[in-house]
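K.L.:
File model10.cif below, mmCIF, C-alpha atoms:
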```cif
data_coords
#
loop_
_atom_site.label_atom_id
_atom_site.label_comp_id
_atom_site.auth_asym_id
_atom_site.auth_seq_id
_atom_site.Cartn_x
_atom_site.Cartn_y
_atom_site.Cartn_z
CA MET A 805 54.31 64.04 11.82
CA SER A 806 55.33 60.39 11.68
CA GLN A 807 55.44 58.62 8.37
CA TRP A 808 54.59 54.94 7.65
CA SER A 809 57.60 53.08 6.47
CA ASP A 810 57.40 50.79 3.46
CA GLY A 811 57.81 47.78 5.75
CA GLN A 812 54.92 48.87 7.96
CA LYS A 813 52.68 49.47 4.95
CA SER A 814 53.46 46.03 3.58
CA ALA A 815 52.76 44.39 6.95
CA LEU A 816 49.44 46.23 7.26
CA THR A 817 48.43 45.19 3.73
CA VAL A 818 49.23 41.53 4.44
CA ALA A 819 47.25 41.68 7.71
CA LEU A 820 44.21 43.17 5.98
CA ILE A 821 44.35 40.56 3.21
CA THR A 822 44.63 37.78 5.79
CA ILE A 823 41.62 39.06 7.76
CA ALA A 824 39.56 39.34 4.56
CA ALA A 825 40.49 35.79 3.56
CA VAL A 826 39.50 34.43 6.99
CA LEU A 827 36.13 36.23 6.82
CA LEU A 828 35.47 34.85 3.33
CA CYS A 829 36.26 31.30 4.52
CA LEU A 830 33.89 31.64 7.47
CA ALA A 831 31.14 32.94 5.19
CA ALA A 832 31.65 30.01 2.80
CA LEU A 833 31.52 27.48 5.65
CA LEU A 834 28.30 29.01 6.98
CA GLY A 835 26.81 28.91 3.47
CA VAL A 836 27.68 25.24 3.02
CA PHE A 837 26.21 24.39 6.45
CA TRP A 838 22.95 26.22 5.66
CA PHE A 839 22.63 24.59 2.23
CA THR A 840 23.26 21.11 3.70
CA ARG A 841 20.55 21.67 6.31
CA GLN A 842 18.07 22.76 3.63
CA VAL A 843 18.80 19.69 1.46
CA ALA A 844 18.36 17.42 4.49
CA VAL A 845 14.96 18.95 5.17
CA VAL A 846 13.86 18.44 1.56
CA THR A 847 15.20 14.93 1.08
CA ASN A 848 14.21 13.55 4.48
CA PRO A 849 10.72 14.89 5.18
CA ALA A 850 8.80 13.69 8.19
CA PRO A 851 5.89 11.34 7.38
CA PRO A 852 2.75 13.42 6.76
CA THR A 853 -0.02 13.29 9.32
CA PRO A 854 -2.80 11.10 7.86
CA HIS A 855 -6.44 12.10 7.84
CA PRO A 856 -8.49 10.09 10.37
CA ASP A 857 -10.71 8.71 7.58
CA ASP A 858 -7.79 7.46 5.46
CA GLY A 859 -6.53 3.91 5.36
CA VAL A 860 -7.33 0.32 4.44
CA LEU A 861 -6.68 -2.74 6.58
CA VAL A 862 -4.32 -5.48 5.39
CA THR A 863 -5.94 -8.86 6.11
CA ALA A 864 -3.54 -11.15 4.19
CA VAL A 865 -0.18 -10.91 2.40
CA ALA A 866 0.74 -13.17 -0.52
CA PRO A 867 4.13 -14.89 -0.17
CA ASN A 868 7.00 -13.54 -2.29
CA SER A 869 4.85 -10.55 -3.28
CA PRO A 870 5.92 -6.87 -3.29
CA ALA A 871 4.00 -6.51 -0.02
CA ALA A 872 5.93 -9.37 1.60
CA GLN A 873 9.23 -7.86 0.44
CA ALA A 874 8.13 -4.53 1.97
CA ASN A 875 7.48 -6.33 5.32
CA LEU A 876 3.75 -5.60 5.27
CA GLN A 877 1.75 -7.83 7.63
CA PRO A 878 -1.91 -8.55 8.40
CA GLY A 879 -3.13 -5.88 10.78
CA HIS A 880 -1.16 -3.08 9.14
CA ILE A 881 -3.13 -0.08 7.87
CA LEU A 882 -2.07 1.45 4.54
CA LEU A 883 -2.56 5.21 4.74
CA ARG A 884 -0.83 6.82 1.75
CA LEU A 885 0.83 5.85 -1.52
CA ASN A 886 3.35 8.45 -2.74
CA GLU A 887 1.61 11.14 -0.64
CA ARG A 888 -1.81 10.21 -2.08
CA PRO A 889 -4.35 9.24 0.61
CA ILE A 890 -5.70 5.68 0.40
CA THR A 891 -9.37 6.13 1.29
CA SER A 892 -10.71 2.78 0.06
CA PRO A 893 -9.64 -0.54 -1.51
CA GLU A 894 -10.75 0.82 -4.88
CA MET A 895 -8.53 3.88 -4.44
CA LEU A 896 -5.50 1.68 -3.68
CA THR A 897 -6.19 -0.40 -6.81
CA LEU A 898 -6.54 2.77 -8.92
CA LEU A 899 -3.30 4.23 -7.61
CA LEU A 900 -1.44 0.99 -8.32
CA GLU A 901 -2.92 0.69 -11.82
CA ASN A 902 -1.65 4.19 -12.65
CA LEU A 903 1.94 3.25 -11.77
CA PRO A 904 4.28 1.81 -14.42
CA ALA A 905 5.34 -1.81 -13.92
CA GLY A 906 8.56 -2.04 -11.94
CA GLU A 907 8.29 1.44 -10.42
CA THR A 908 9.25 1.84 -6.77
CA PHE A 909 6.69 3.65 -4.61
CA THR A 910 6.40 4.70 -0.98
CA LEU A 911 3.71 3.56 1.46
CA LEU A 912 2.84 5.24 4.74
CA VAL A 913 1.84 2.46 7.15
CA ARG A 914 0.39 2.35 10.66
CA ASP A 915 1.46 -0.85 12.41
CA GLU A 916 -0.30 -2.85 15.12
CA ALA A 917 1.22 -0.64 17.83
CA GLY A 918 -0.17 2.50 16.17
CA GLU A 919 3.26 3.70 15.04
CA LEU A 920 3.66 5.39 11.65
CA ARG A 921 6.44 4.24 9.34
CA GLN A 922 7.33 4.51 5.67
CA THR A 923 8.28 1.58 3.48
CA THR A 924 8.93 1.11 -0.22
CA ALA A 925 7.59 -1.51 -2.64
CA VAL A 926 7.93 -2.27 -6.35
CA ARG A 927 4.79 -2.39 -8.49
CA ALA A 928 4.39 -5.86 -10.01
CA ALA A 929 3.87 -6.21 -13.75
CA THR A 930 0.59 -8.15 -13.40
CA PRO A 931 -2.24 -8.17 -10.84
CA PRO A 932 -2.23 -8.29 -7.92
CA TYR A 933 0.20 -5.39 -8.14
CA LEU A 934 0.96 -5.31 -4.40
CA GLY A 935 -0.13 -8.77 -3.25
CA VAL A 936 -2.38 -8.00 -0.30
CA THR A 937 -5.96 -8.68 0.67
CA ILE A 938 -7.47 -5.51 2.06
CA ALA A 939 -10.66 -4.39 3.74
CA GLU A 940 -12.12 -0.93 4.15
CA LEU A 941 -11.97 0.35 7.69
CA PRO A 942 -15.37 0.85 9.40
CA LEU A 943 -16.19 4.48 10.12
CA PRO A 944 -17.41 5.61 13.55
CA THR A 945 -21.19 5.60 13.83
CA THR A 946 -21.61 7.12 17.29
CA THR A 947 -23.26 10.52 17.56
CA PRO A 948 -22.70 13.33 20.06
CA ASN A 949 -24.81 13.25 23.23
CA GLU A 950 -25.34 9.51 22.81
CA THR A 951 -25.72 7.91 26.24
CA THR A 952 -26.24 4.26 25.28
CA PRO A 953 -23.52 2.63 23.17
CA ASP A 954 -24.69 1.38 19.81
CA PRO A 955 -23.71 -2.32 19.50
CA ALA A 956 -23.12 -1.85 15.76
CA ALA A 957 -20.59 0.88 16.49
CA THR A 958 -18.40 -1.39 18.62
CA ARG A 959 -18.93 -4.61 16.67
CA PRO A 960 -15.76 -5.73 14.86
CA LEU A 961 -15.66 -5.82 11.07
CA ALA A 962 -17.84 -8.81 10.12
CA THR A 963 -16.44 -11.18 7.54
CA ASP A 964 -17.91 -14.46 6.35
CA LEU A 965 -15.37 -15.51 3.75
CA PRO A 966 -16.56 -18.03 1.14
CA VAL A 967 -15.14 -21.54 1.59
CA VAL A 968 -14.94 -23.86 -1.43
CA THR A 969 -17.06 -26.96 -0.79
CA GLY A 970 -16.93 -28.47 -4.31
CA VAL A 971 -14.92 -28.21 -7.53
CA VAL A 972 -16.46 -29.39 -10.83
CA PRO A 973 -14.17 -31.88 -12.62
CA GLY A 974 -12.58 -30.38 -15.72
CA SER A 975 -13.72 -26.87 -14.79
CA PRO A 976 -11.51 -23.74 -14.89
CA ALA A 977 -11.30 -23.94 -11.10
CA GLU A 978 -9.90 -27.48 -11.20
CA LEU A 979 -7.42 -26.52 -13.94
CA ALA A 980 -6.28 -23.61 -11.72
CA ASP A 981 -5.75 -26.00 -8.76
CA VAL A 982 -8.56 -24.61 -6.62
CA ARG A 983 -9.35 -27.20 -3.95
CA VAL A 984 -12.12 -28.02 -1.51
CA GLY A 985 -11.46 -26.16 1.74
CA ASP A 986 -9.78 -23.17 0.09
CA VAL A 987 -10.97 -19.81 1.44
CA ILE A 988 -11.45 -17.14 -1.22
CA THR A 989 -10.19 -13.78 0.05
CA ALA A 990 -9.93 -11.68 -3.13
CA VAL A 991 -10.80 -11.64 -6.85
CA ASP A 992 -8.58 -9.56 -9.14
CA ASN A 993 -7.03 -7.79 -6.13
CA GLN A 994 -10.46 -6.84 -4.77
CA ALA A 995 -11.09 -8.04 -1.21
CA ILE A 996 -13.96 -10.50 -0.73
CA LEU A 997 -15.67 -10.38 2.65
CA ASN A 998 -18.58 -12.79 2.02
CA GLY A 999 -20.28 -14.98 -0.55
CA GLU A 1000 -22.48 -12.18 -1.87
CA GLU A 1001 -19.43 -10.11 -2.77
CA LEU A 1002 -17.92 -13.11 -4.56
CA LEU A 1003 -21.10 -13.55 -6.61
CA GLY A 1004 -21.11 -9.82 -7.36
CA GLN A 1005 -17.52 -9.93 -8.61
CA MET A 1006 -18.13 -12.98 -10.81
CA ALA A 1007 -21.45 -11.70 -12.22
CA ALA A 1008 -19.65 -9.22 -14.48
CA LYS A 1009 -17.21 -11.81 -15.87
CA MET A 1010 -17.50 -13.16 -19.40
CA PRO A 1011 -16.34 -16.45 -20.96
CA GLY A 1012 -12.65 -16.15 -21.77
CA ASP A 1013 -11.98 -13.62 -19.00
CA THR A 1014 -8.95 -14.31 -16.83
CA VAL A 1015 -9.49 -13.98 -13.09
CA THR A 1016 -6.90 -14.04 -10.31
CA LEU A 1017 -8.05 -15.63 -7.06
CA MET A 1018 -6.32 -15.07 -3.74
CA LEU A 1019 -6.86 -18.17 -1.60
CA ARG A 1020 -6.08 -19.07 1.97
CA ARG A 1021 -5.15 -22.75 2.24
CA GLY A 1022 -4.22 -23.62 5.79
CA GLU A 1023 -1.38 -21.27 6.74
CA GLU A 1024 -0.60 -20.44 3.11
CA THR A 1025 -1.84 -17.57 0.96
CA LEU A 1026 -1.95 -18.59 -2.71
CA LEU A 1027 -2.65 -16.86 -6.03
CA LYS A 1028 -4.44 -18.90 -8.70
CA THR A 1029 -5.31 -17.74 -12.22
CA ALA A 1030 -8.26 -19.23 -14.12
CA VAL A 1031 -9.69 -18.61 -17.61
CA LEU A 1032 -13.49 -18.69 -17.38
CA ALA A 1033 -15.54 -21.06 -19.53
CA PRO A 1034 -19.10 -20.48 -20.80
CA ASN A 1035 -21.70 -21.13 -18.12
CA PRO A 1036 -23.66 -24.36 -18.84
CA ASP A 1037 -26.93 -22.57 -17.98
CA GLU A 1038 -26.20 -19.32 -19.82
CA ALA A 1039 -23.36 -19.34 -22.34
CA SER A 1040 -22.86 -15.57 -22.22
CA ARG A 1041 -21.80 -15.72 -18.56
CA GLY A 1042 -18.38 -16.69 -17.25
CA TYR A 1043 -18.09 -20.02 -15.43
CA LEU A 1044 -15.54 -20.93 -12.74
CA GLY A 1045 -16.94 -24.26 -11.57
CA ILE A 1046 -17.00 -24.15 -7.77
CA GLU A 1047 -19.49 -24.55 -4.98
CA PHE A 1048 -18.98 -22.58 -1.79
CA ARG A 1049 -20.46 -21.68 1.53
CA PRO A 1050 -21.94 -19.58 2.95
#
```
In structure tokens, how does this file's structure come out?
P.N.:
Amino acid sequence: MSQWSDGQKSALTVALITIAAVLLCLAALLGVFWFTRQVAVVTNPAPPTPHPDDGVLVTAVAPNSPAAQANLQPGHILLRLNERPITSPEMLTLLLENLPAGETFTLLVRDEAGELRQTTAVRAATPPYLGVTIAELPLPTTTPNETTPDPAATRPLATDLPVVTGVVPGSPAELADVRVGDVITAVDNQAILNGEELLGQMAAKMPGDTVTLMLRRGEETLLKTAVLAPNPDEASRGYLGIEFRP
């Protein structure tokens, strides 16, 4: 019976050690590849599919605001903030108020072409925290089996923004540089769609309250801050000192 020589045994041992080392290297490479793929999936998730009822419409963007720096534009629809659905203007304001000043957050946006994209913005220290005028999207009002279209269902979102027609001399509005012809689009980051909503916003204000007005002046969007005075007719009510139409 043949015997293994010492040289053959040594060669066989080296060969086995080499094969084992190669297999261990391959296993390590496969492990690194799998781990890298898993991290990529976690750190680069696809944008979530929004609910059809989510979203608010951007109607104006203040210059040099966080929204402008995030390349938001009128016509964009804001769908989510940090994975939280934006179902109304009030919800967007609440989500922004709950963020610390200076924190970076993510917005899921649908652009004019209907494409979804994600962008980041930094929460401003004072209102308006994002710097946009927004409107709630109208919900569908058609019903199944309806044969005649409802005109209200296809009518575009109606807005009748208040236009300043007069500014009382020496009033908070004049001190804040509100001018005749300015269009009021928001009060304290709440969108204003008509004169009734403006009156409703101002009705709850007290003398000494500070209000932030978003104005459209020609092609510009401006932010003006005014400290309300006592109303000449009722001292317990806040007074801005403007006349407007409608």
K.L.:
Calculate how many Å separate CA of Thr924 (chain A) from CA of Glu894 (chain A), rounding to one decimal.
P.N.:
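Between CA of Thr924 (chain A) and CA of Glu894 (chain A) the gap is 20.2 Å.
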K.L.:
What is the CA of Ala1008 (chain A) to CA of Arg1020 (chain A) distance in Å?
P.N.:
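Spanning CA of Ala1008 (chain A) to CA of Arg1020 (chain A) is a straight-line distance of 23.5 Å.
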K.L.:
For each of A:Ala925, A:Leu965, A:Leu920, A:Leu1027, take the minimum atom-to-atom distance to Glu1000 (chain A), counting only C-alpha atoms, then give the residue where this is smallest.
P.N.:
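Looking only at the distances to Glu1000 (chain A), the closest residue turns out to be A:Leu965.
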K.L.:
Between CA of Asp981 (chain A) and CA of Lys1028 (chain A), what is the distance in Å, rounded to a tenth?
P.N.:
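Rounded to one decimal, the two atoms are 7.2 Å apart.
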K.L.:
Could you state which residues are captured by the PyMOL selection byres ((chain A and resi 888) around 12) in this file, as a PyMOL selection string?
P.N.:
chain A and resi 852-855+858-859+882-887+889-892+895-896+898-900+909-912
K.L.:
Which neighbours of Thr930 (chain A) fall inside 12 Å, counting only C-alpha atoms, when residues of the same chain fewer than 4 positions from it are skipped, and could you give them as a VMD selection string?
P.N.:
chain A and resid 869 to 870 900 to 901 903 to 906 926 934 to 935 992 to 993 1014 to 1016 1027 1029
K.L.:
Hey, what's within 8 Å of Pro878 (chain A) if we count all atoms listed in the file and toss same-chain stuff fewer than 6 positions away? As a VMD selection string, please?
P.N.:
chain A and resid 861 to 865
K.L.:
Compare A:Ile938, A:Ala866, A:Ile821, A:Leu827 by their minimum atom-to-atom distance to Glu1023 (chain A), counting all atoms listed in the file, and give me the closest one.
P.N.:
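When distances to Glu1023 (chain A) are compared using all atoms listed in the file, the smallest one comes from A:Ala866.
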K.L.:
Could you give me, as number ranges by chain, the residues within 9 Å of Glu916 (chain A), counting only C-alpha atoms and dropping anything in the same chain fewer than 4 positions from it?
P.N.:
A: 878-881
K.L.:
Kindly resolve the PyMOL selection byres ((chain A and resi 1031-1046) around 6) on the present coordinates and return the residues as a list in words.
P.N.:
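On the file shown, the PyMOL selection byres ((chain A and resi 1031-1046) around 6) covers Gly970, Val971, Val972, Ser975, Pro976, Ala977, Lys1009, Met1010, Pro1011, Gly1012, Asp1013, Thr1014, Ala1030 and Glu1047 of chain A.
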